$ cat coords.cif   # mmCIF, C-alpha atoms and all ligand atoms
data_coords
loop_
_atom_site.label_atom_id
_atom_site.label_comp_id
_atom_site.auth_asym_id
_atom_site.auth_seq_id
_atom_site.Cartn_x
_atom_site.Cartn_y
_atom_site.Cartn_z
CA MET O 232 21.14 -4.85 17.39
CA PHE O 233 19.31 -4.99 20.69
CA PHE O 234 18.55 -2.80 23.68
CA HIS O 235 16.41 -3.23 26.78
CA ALA O 236 13.42 -1.04 27.59
CA HIS O 237 11.00 -1.59 30.44
CA GLY O 238 12.33 -5.12 30.99
CA ILE O 239 11.84 -6.14 27.34
CA ARG O 240 14.57 -6.82 24.78
CA LEU O 241 13.89 -4.91 21.57
CA ALA O 242 15.61 -5.19 18.19
CA TYR O 243 16.58 -2.28 15.98
CA ASP O 244 18.87 -1.23 13.12
CA ASP O 245 20.74 2.03 12.71
CA HIS O 246 22.33 2.97 9.37
CA GLY O 247 23.76 6.10 7.81
CA MET O 248 24.47 9.55 9.17
CA GLY O 249 22.74 12.88 9.43
CA VAL O 250 19.25 13.75 10.57
CA PRO O 251 17.77 10.74 12.46
CA VAL O 252 14.64 9.24 10.93
CA VAL O 253 12.90 6.49 12.92
CA PHE O 254 10.67 4.11 10.94
CA LEU O 255 7.73 2.45 12.75
CA HIS O 256 6.18 -0.60 11.15
CA ALA O 257 2.61 -1.75 10.45
CA PHE O 258 0.59 -4.58 11.99
CA PRO O 259 1.43 -7.48 11.92
CA LEU O 260 4.79 -6.93 10.24
CA ASN O 261 8.23 -5.98 11.53
CA ARG O 262 11.14 -3.64 10.82
CA SER O 263 12.15 -5.59 7.71
CA MET O 264 9.26 -3.87 5.91
CA TRP O 265 11.47 -0.78 5.70
CA ALA O 266 14.28 -2.52 3.78
CA PRO O 267 13.78 -0.50 0.55
CA GLN O 268 13.85 2.76 2.53
CA VAL O 269 16.99 1.81 4.49
CA ALA O 270 18.76 0.63 1.32
CA THR O 271 18.22 3.92 -0.50
CA LEU O 272 17.75 6.60 2.11
CA SER O 273 20.57 5.69 4.53
CA SER O 274 22.97 7.36 2.11
CA HIS O 275 20.99 10.60 2.59
CA PHE O 276 20.19 10.52 6.32
CA ARG O 277 20.29 8.28 9.40
CA THR O 278 17.67 5.54 9.20
CA ILE O 279 16.65 3.79 12.42
CA THR O 280 14.16 0.91 12.39
CA LEU O 281 12.60 -0.81 15.40
CA ASP O 282 10.73 -4.07 15.94
CA PHE O 283 7.85 -3.26 18.26
CA ARG O 284 7.44 -5.58 21.26
CA GLY O 285 5.93 -8.82 19.97
CA HIS O 286 7.44 -8.52 16.48
CA GLY O 287 10.49 -9.57 14.48
CA GLU O 288 13.46 -10.17 16.74
CA SER O 289 12.02 -8.33 19.75
CA ASP O 290 10.68 -10.18 22.79
CA ALA O 291 7.01 -11.12 22.62
CA PRO O 292 5.68 -11.01 26.18
CA LEU O 293 2.00 -11.90 26.64
CA TRP O 294 0.54 -9.08 28.71
CA SER O 295 -1.81 -6.18 28.48
CA PHE O 296 -0.05 -3.23 26.81
CA SER O 297 -1.28 -0.02 25.26
CA LEU O 298 0.14 1.80 22.26
CA ASN O 299 1.47 4.33 24.78
CA HIS O 300 3.90 1.61 25.90
CA TYR O 301 5.04 1.18 22.29
CA ALA O 302 5.58 4.97 22.09
CA ASP O 303 7.62 4.82 25.30
CA ASP O 304 9.75 2.09 23.67
CA VAL O 305 10.50 4.50 20.82
CA ALA O 306 11.57 7.17 23.33
CA ALA O 307 13.73 4.56 25.10
CA LEU O 308 15.41 3.73 21.78
CA LEU O 309 16.20 7.43 21.27
CA ASP O 310 17.65 7.52 24.80
CA HIS O 311 19.71 4.40 24.07
CA LEU O 312 21.11 6.04 20.93
CA ALA O 313 21.56 9.42 22.67
CA VAL O 314 19.35 11.04 20.01
CA PRO O 315 17.49 14.01 21.52
CA GLN O 316 15.07 14.51 18.62
CA ALA O 317 14.08 12.61 15.49
CA ILE O 318 11.71 12.51 12.54
CA LEU O 319 9.17 9.70 12.96
CA VAL O 320 7.82 7.82 9.95
CA GLY O 321 4.92 5.64 11.07
CA LEU O 322 2.88 3.47 8.72
CA SER O 323 -0.57 2.34 9.87
CA MET O 324 -0.07 0.91 13.39
CA GLY O 325 3.27 2.73 13.29
CA GLY O 326 1.24 5.89 12.65
CA TYR O 327 -0.96 5.20 15.69
CA VAL O 328 2.22 4.86 17.75
CA SER O 329 3.58 8.09 16.23
CA LEU O 330 0.41 9.92 17.30
CA ALA O 331 0.79 8.48 20.81
CA PHE O 332 4.45 9.60 20.75
CA SER O 333 3.39 13.10 19.72
CA ARG O 334 1.18 13.23 22.85
CA GLN O 335 3.75 11.84 25.26
CA HIS O 336 7.10 12.97 23.86
CA ARG O 337 6.26 15.96 21.69
CA HIS O 338 9.52 17.80 22.49
CA ARG O 339 11.46 14.94 20.86
CA LEU O 340 9.73 15.25 17.47
CA LEU O 341 11.53 17.04 14.66
CA ALA O 342 8.85 16.14 12.14
CA LEU O 343 6.18 13.54 11.49
CA VAL O 344 5.30 11.35 8.52
CA LEU O 345 1.92 9.66 8.91
CA ALA O 346 1.58 7.01 6.20
CA ASP O 347 -1.52 4.92 5.51
CA THR O 348 -2.90 5.52 8.97
CA ARG O 349 -5.77 7.31 10.70
CA ALA O 350 -6.36 9.55 13.70
CA GLN O 351 -9.79 8.16 14.62
CA ALA O 352 -10.22 5.47 17.25
CA ASP O 353 -11.79 2.15 16.24
CA SER O 354 -15.51 2.08 15.52
CA PRO O 355 -17.57 -0.52 17.47
CA GLU O 356 -17.50 -2.73 14.31
CA GLY O 357 -13.75 -2.27 14.06
CA ARG O 358 -13.29 -3.41 17.66
CA THR O 359 -15.48 -6.45 17.02
CA GLY O 360 -13.34 -7.26 13.98
CA ARG O 361 -10.21 -7.11 16.17
CA PHE O 362 -11.84 -9.48 18.68
CA HIS O 363 -12.57 -12.02 15.92
CA LEU O 364 -9.11 -11.69 14.41
CA ALA O 365 -7.57 -12.30 17.87
CA GLN O 366 -9.65 -15.48 18.21
CA THR O 367 -8.49 -16.61 14.75
CA ALA O 368 -4.86 -15.95 15.69
CA TYR O 369 -5.24 -17.80 18.98
CA GLY O 370 -7.21 -20.72 17.52
CA LYS O 371 -5.70 -21.17 14.06
CA GLY O 372 -2.33 -19.45 14.16
CA ALA O 373 -0.58 -16.66 12.30
CA GLY O 374 -1.02 -18.34 8.88
CA ALA O 375 -4.80 -17.82 9.11
CA VAL O 376 -4.17 -14.17 10.02
CA ALA O 377 -2.00 -13.82 6.90
CA ASP O 378 -4.87 -15.07 4.71
CA ILE O 379 -7.20 -12.44 6.18
CA MET O 380 -4.71 -9.58 6.23
CA LEU O 381 -3.13 -9.90 2.78
CA PRO O 382 -6.02 -8.36 0.82
CA LYS O 383 -6.24 -5.57 3.42
CA LEU O 384 -2.54 -4.77 3.29
CA LEU O 385 -1.80 -4.83 -0.42
CA GLY O 386 -3.57 -2.96 -3.19
CA ALA O 387 -5.08 -4.60 -6.25
CA THR O 388 -2.06 -3.73 -8.40
CA SER O 389 0.40 -5.42 -6.03
CA LEU O 390 -1.83 -8.45 -5.44
CA GLN O 391 -1.95 -8.98 -9.19
CA HIS O 392 1.55 -8.05 -10.27
CA LYS O 393 3.92 -8.41 -7.30
CA PRO O 394 4.03 -12.08 -6.25
CA ASP O 395 7.35 -11.63 -4.41
CA LEU O 396 5.86 -8.89 -2.28
CA VAL O 397 2.75 -10.99 -1.58
CA GLU O 398 5.05 -13.83 -0.48
CA TYR O 399 7.16 -11.51 1.70
CA ILE O 400 4.06 -10.20 3.51
CA ARG O 401 2.67 -13.73 3.95
CA GLN O 402 5.95 -15.07 5.36
CA THR O 403 6.39 -12.10 7.68
CA ILE O 404 2.91 -12.51 9.16
CA GLN O 405 3.35 -16.29 9.47
CA GLN O 406 6.52 -15.71 11.48
CA THR O 407 4.93 -13.18 13.84
CA PRO O 408 4.29 -14.65 17.31
CA VAL O 409 0.59 -15.09 18.08
CA SER O 410 1.13 -13.23 21.36
CA GLY O 411 2.45 -10.26 19.39
CA ILE O 412 -0.59 -10.29 17.09
CA VAL O 413 -3.10 -10.55 19.93
CA VAL O 414 -1.41 -7.88 22.07
CA ASP O 415 -1.40 -5.49 19.07
CA LEU O 416 -5.08 -6.12 18.40
CA MET O 417 -6.03 -5.35 22.00
CA ALA O 418 -3.79 -2.28 22.07
CA MET O 419 -5.18 -0.95 18.75
CA ALA O 420 -8.78 -1.61 19.85
CA ASP O 421 -8.20 0.47 22.99
CA ARG O 422 -6.26 3.30 21.40
CA LEU O 423 -7.39 6.86 22.00
CA ASP O 424 -9.07 8.95 19.37
CA SER O 425 -6.43 11.45 18.22
CA VAL O 426 -8.58 13.71 16.02
CA ALA O 427 -8.91 16.48 18.63
CA GLN O 428 -5.15 16.46 19.14
CA LEU O 429 -4.26 17.01 15.46
CA GLN O 430 -4.54 20.80 15.61
CA ALA O 431 -2.00 20.85 18.43
CA ILE O 432 0.70 19.15 16.33
CA THR O 433 3.21 21.88 15.66
CA CYS O 434 6.03 20.04 13.91
CA PRO O 435 6.23 19.79 10.09
CA THR O 436 4.02 16.90 9.00
CA LEU O 437 3.65 14.90 5.81
CA VAL O 438 0.64 12.64 5.33
CA VAL O 439 1.04 9.82 2.80
CA VAL O 440 -1.59 7.44 1.43
CA GLY O 441 -1.61 4.75 -1.23
CA GLN O 442 -4.19 5.45 -3.92
CA GLU O 443 -5.54 1.89 -3.51
CA ASP O 444 -5.52 1.89 0.31
CA PHE O 445 -8.98 0.84 1.48
CA THR O 446 -7.87 -0.06 5.01
CA THR O 447 -7.04 3.52 5.97
CA PRO O 448 -8.51 5.29 2.94
CA HIS O 449 -7.92 8.65 1.35
CA ALA O 450 -10.60 10.37 3.47
CA ASP O 451 -8.68 9.47 6.66
CA ALA O 452 -5.48 10.93 5.20
CA GLU O 453 -7.32 14.08 4.10
CA LEU O 454 -8.72 14.55 7.58
CA MET O 455 -5.23 14.48 9.11
CA ALA O 456 -3.77 16.74 6.42
CA ARG O 457 -6.62 19.22 6.94
CA GLU O 458 -6.44 19.30 10.73
CA ILE O 459 -2.67 19.33 11.28
CA PRO O 460 -1.47 22.90 10.74
CA GLY O 461 0.64 23.18 7.58
CA ALA O 462 0.54 19.43 6.82
CA ARG O 463 1.04 18.23 3.25
CA LEU O 464 -0.65 15.24 1.64
CA ALA O 465 1.06 12.94 -0.87
CA VAL O 466 -0.83 10.19 -2.72
CA ILE O 467 1.18 7.20 -3.97
CA PRO O 468 -0.29 5.85 -7.23
CA ALA O 469 -0.77 2.10 -7.74
CA ALA O 470 -0.15 1.39 -4.05
CA GLY O 471 -2.40 0.01 -1.32
CA HIS O 472 -1.92 0.10 2.45
CA VAL O 473 1.77 -0.88 2.57
CA SER O 474 2.65 1.90 0.15
CA ASN O 475 6.35 1.98 1.08
CA ARG O 476 6.79 -1.60 -0.21
CA GLU O 477 4.35 -1.39 -3.10
CA GLN O 478 5.91 1.67 -4.74
CA PRO O 479 9.25 2.05 -2.93
CA GLU O 480 10.84 4.41 -5.46
CA VAL O 481 7.93 6.87 -5.33
CA PHE O 482 7.65 6.57 -1.53
CA ASN O 483 11.40 7.19 -1.16
CA GLU O 484 11.31 10.24 -3.42
CA VAL O 485 8.40 11.74 -1.48
CA LEU O 486 10.13 11.08 1.84
CA ARG O 487 13.52 12.31 0.68
CA GLY O 488 11.95 15.51 -0.68
CA PHE O 489 10.21 16.11 2.66
CA VAL O 490 13.34 15.53 4.77
CA GLU O 491 15.60 17.56 2.49
CA GLY O 492 13.02 20.36 2.43
CA LEU O 493 13.16 20.46 6.24
CA GLN O 494 16.92 20.61 6.19
CA LYS O 495 16.89 23.47 3.67
CA SER O 496 14.35 25.51 5.65
CA HIS O 497 16.44 24.87 8.79
CA GLU O 498 19.60 26.16 7.07
CA ALA O 499 17.85 29.24 5.55
C1 LIG O 501 -1.73 -1.91 10.07
O1 LIG O 501 -1.41 -2.03 8.89
O2 LIG O 501 -0.94 -1.56 10.95
C2 LIG O 501 -3.16 -2.25 10.43
O3 LIG O 501 -3.89 -2.50 9.28
C3 LIG O 501 -3.77 -1.16 11.25
C4 LIG O 501 -5.14 -1.51 11.72
O4 LIG O 501 -5.53 -2.68 11.70
O5 LIG O 501 -5.86 -0.59 12.14
#

$ encode --input "coords.cif" --output "structure tokens"
Amino acid sequence: MFFHAHGIRLAYDDHGMGVPVVFLHAFPLNRSMWAPQVATLSSHFRTITLDFRGHGESDAPLWSFSLNHYADDVAALLDHLAVPQAILVGLSMGGYVSLAFSRQHRHRLLALVLADTRAQADSPEGRTGRFHLAQTAYGKGAGAVADIMLPKLLGATSLQHKPDLVEYIRQTIQQTPVSGIVVDLMAMADRLDSVAQLQAITCPTLVVVGQEDFTTPHADAELMAREIPGARLAVIPAAGHVSNREQPEVFNEVLRGFVEGLQKSHEA
């Protein structure tokens, strides 16, 4: 399905009933990365997935955007669906957008799941890496980006034992428009440091990290779990950065437990 926000056509899916949970994807993937969550969890609650601008079936305008614009797109989707408040599940870049959302639209957050992401801004080396990756995307295309990103996205266990997942990630990146990749890289390089804001997050928060995630490692997850009042940390064994795809059953159980726990405490 599609809706328009800020002059851009964005694609989304909406399945199931109950508490709304909005899933925000990683770079440079799209909403299809949440297929195992939608398949299982939409019989427990309402699952909403969005293709960020520049990804999947959404428009891919070439312009200068910040992650705040992506967060505004999420708010526009909630408006479109007449959903006043939702739980956000953001993985990696989706987590950066969730943190931006928590700054700009805090009153619309029921709860937050920050998976395989970090609160810190890019280091100078990180920004330089984004610059080089943007040049690779522009000069050589999305296939070259897939070669570079695959070992950063998947853990050793998946790279060795999950050829279908490796192929899915490769194909998804190859199909991502170069403008989408480059716009993301510029937006991520310029994102604000969110560490100082963590203590002001008041909604229930779950932090998730794959045990084999070296892109946004355990220490980054621990920092968020320590600073966000009352946050819990869950480690997914034998998973790398895209932990929801690498160990979907474990990820789903952790997420379902968190959401059902919220519902129970709300009813009590
Ligand atoms: C992602 O998975 O969204 C990216 O690895 C995030 C990043 O490059 O910082």

$ closest_residue --input "coords.cif" --among "O:Ser297, O:Gln406, O:Gln442, O:Ser474" --to "ligand LIG 501 (chain O)" --atoms "all atoms listed in the file"
O:Ser474

$ closest_atom_pairs --input "coords.cif" --of "chain O" --to "ligand LIG 501 (chain O)" --cutoff "10 Å" --atoms "only C-alpha atoms and all ligand atoms" --output "CSV"
residue,atom,partner,partner_atom,distance
O:Leu255,CA,O:LIG501,O2,9.7
O:His256,CA,O:LIG501,O2,7.2
O:Ala257,CA,O:LIG501,O2,3.6
O:Phe258,CA,O:LIG501,O2,3.5
O:Pro259,CA,O:LIG501,O2,6.5
O:Leu260,CA,O:LIG501,O2,7.9
O:Gly321,CA,O:LIG501,O2,9.3
O:Leu322,CA,O:LIG501,O2,6.7
O:Ser323,CA,O:LIG501,O2,4.1
O:Met324,CA,O:LIG501,O2,3.6
O:Gly325,CA,O:LIG501,O2,6.5
O:Gly326,CA,O:LIG501,O2,7.9
O:Tyr327,CA,O:LIG501,C3,8.2
O:Val328,CA,O:LIG501,O2,9.9
O:Ala346,CA,O:LIG501,O1,9.9
O:Asp347,CA,O:LIG501,O1,7.7
O:Thr348,CA,O:LIG501,C3,7.1
O:Arg349,CA,O:LIG501,O5,8.0
O:Gln351,CA,O:LIG501,O5,9.9
O:Ala352,CA,O:LIG501,O5,9.0
O:Asp353,CA,O:LIG501,O5,7.7
O:Gly357,CA,O:LIG501,O5,8.3
O:Arg358,CA,O:LIG501,O5,9.7
O:Gly360,CA,O:LIG501,O4,9.3
O:Arg361,CA,O:LIG501,O4,7.8
O:Met380,CA,O:LIG501,O3,7.8
O:Leu381,CA,O:LIG501,O3,9.9
O:Lys383,CA,O:LIG501,O3,7.0
O:Leu384,CA,O:LIG501,O1,6.3
O:Leu385,CA,O:LIG501,O1,9.7
O:Asp415,CA,O:LIG501,O4,8.9
O:Leu416,CA,O:LIG501,O4,7.5
O:Met419,CA,O:LIG501,O5,6.7
O:Ala420,CA,O:LIG501,O5,8.3
O:Phe445,CA,O:LIG501,O3,9.9
O:Thr446,CA,O:LIG501,O3,6.3
O:Thr447,CA,O:LIG501,O5,7.5
O:His472,CA,O:LIG501,O1,6.8
O:Val473,CA,O:LIG501,O1,7.2

$ closest_residue --input "coords.cif" --among "O:Gln402, O:Ile279, O:His336, O:Tyr369" --to "Ala302 of chain O" --atoms "only C-alpha atoms"
O:His336

$ atom_distance --input "coords.cif" --atom1 "atom CA of Arg401 of chain O" --atom2 "atom CA of Leu281 of chain O"
19.9 Å

$ atom_distance --input "coords.cif" --atom1 "atom CA of Leu298 of chain O" --atom2 "atom CA of Phe362 of chain O"
16.8 Å

$ closest_residue --input "coords.cif" --among "O:Leu396, O:Ala306, O:Ala418, O:Ala313" --to "Asn475 of chain O" --atoms "only C-alpha atoms"
O:Leu396

$ residues_near_point --input "coords.cif" --point "(2.3, 16.2, 7.1)" --cutoff "7 Å" --atoms "all atoms listed in the file" --output "PyMOL selection string"
chain O and resi 343-345+435-438+456+462-464

$ write_last_selection --input "coords.cif" --atoms "C-alpha atoms" --output "PDB file, in the coordinates of the input"
ATOM      1  CA  LEU O 343       6.180  13.540  11.490  1.00  0.00           C
ATOM      2  CA  VAL O 344       5.300  11.350   8.520  1.00  0.00           C
ATOM      3  CA  LEU O 345       1.920   9.660   8.910  1.00  0.00           C
ATOM      4  CA  PRO O 435       6.230  19.790  10.090  1.00  0.00           C
ATOM      5  CA  THR O 436       4.020  16.900   9.000  1.00  0.00           C
ATOM      6  CA  LEU O 437       3.650  14.900   5.810  1.00  0.00           C
ATOM      7  CA  VAL O 438       0.640  12.640   5.330  1.00  0.00           C
ATOM      8  CA  ALA O 456      -3.770  16.740   6.420  1.00  0.00           C
ATOM      9  CA  ALA O 462       0.540  19.430   6.820  1.00  0.00           C
ATOM     10  CA  ARG O 463       1.040  18.230   3.250  1.00  0.00           C
ATOM     11  CA  LEU O 464      -0.650  15.240   1.640  1.00  0.00           C
TER      12      LEU O 464
END

$ closest_atom_pairs --input "coords.cif" --of "segment 257-283 of chain O" --to "segment 486-489 of chain O" --cutoff "9 Å" --atoms "all atoms listed in the file" --output "CSV"
residue,atom,partner,partner_atom,distance
O:Leu272,CA,O:Arg487,CA,7.2
O:His275,CA,O:Arg487,CA,7.9
O:Phe276,CA,O:Arg487,CA,8.9

$ closest_atom_pairs --input "coords.cif" --of "segment 334-382 of chain O" --to "segment 242-250 of chain O" --cutoff "12 Å" --atoms "only C-alpha atoms" --output "JSON lines"
{"residue": "O:Leu340", "atom": "CA", "partner": "O:Val250", "partner_atom": "CA", "distance": 11.9}
{"residue": "O:Leu341", "atom": "CA", "partner": "O:Val250", "partner_atom": "CA", "distance": 9.3}
{"residue": "O:Ala342", "atom": "CA", "partner": "O:Val250", "partner_atom": "CA", "distance": 10.8}

$ atom_distance --input "coords.cif" --atom1 "atom CA of Gln316 of chain O" --atom2 "atom CA of Ala431 of chain O"
18.2 Å

$ residues_around --input "coords.cif" --residues "Leu241 of chain O" --least-positions-apart "3" --cutoff "10 Å" --atoms "all atoms listed in the file" --output "list in words"
Met232, Phe233, Phe234, His235, Ala236, His237, Gly238, Leu281, Asp282, Phe283, Arg284, Gly285, His286, Gly287, Glu288, Ser289, Asp290, Ala291, Asp304 and Leu308 of chain O

$ write_last_selection --input "coords.cif" --atoms "C-alpha atoms" --output "PDB file, in the frame of the given file"
ATOM      1  CA  MET O 232      21.140  -4.850  17.390  1.00  0.00           C
ATOM      2  CA  PHE O 233      19.310  -4.990  20.690  1.00  0.00           C
ATOM      3  CA  PHE O 234      18.550  -2.800  23.680  1.00  0.00           C
ATOM      4  CA  HIS O 235      16.410  -3.230  26.780  1.00  0.00           C
ATOM      5  CA  ALA O 236      13.420  -1.040  27.590  1.00  0.00           C
ATOM      6  CA  HIS O 237      11.000  -1.590  30.440  1.00  0.00           C
ATOM      7  CA  GLY O 238      12.330  -5.120  30.990  1.00  0.00           C
ATOM      8  CA  LEU O 281      12.600  -0.810  15.400  1.00  0.00           C
ATOM      9  CA  ASP O 282      10.730  -4.070  15.940  1.00  0.00           C
ATOM     10  CA  PHE O 283       7.850  -3.260  18.260  1.00  0.00           C
ATOM     11  CA  ARG O 284       7.440  -5.580  21.260  1.00  0.00           C
ATOM     12  CA  GLY O 285       5.930  -8.820  19.970  1.00  0.00           C
ATOM     13  CA  HIS O 286       7.440  -8.520  16.480  1.00  0.00           C
ATOM     14  CA  GLY O 287      10.490  -9.570  14.480  1.00  0.00           C
ATOM     15  CA  GLU O 288      13.460 -10.170  16.740  1.00  0.00           C
ATOM     16  CA  SER O 289      12.020  -8.330  19.750  1.00  0.00           C
ATOM     17  CA  ASP O 290      10.680 -10.180  22.790  1.00  0.00           C
ATOM     18  CA  ALA O 291       7.010 -11.120  22.620  1.00  0.00           C
ATOM     19  CA  ASP O 304       9.750   2.090  23.670  1.00  0.00           C
ATOM     20  CA  LEU O 308      15.410   3.730  21.780  1.00  0.00           C
TER      21      LEU O 308
END
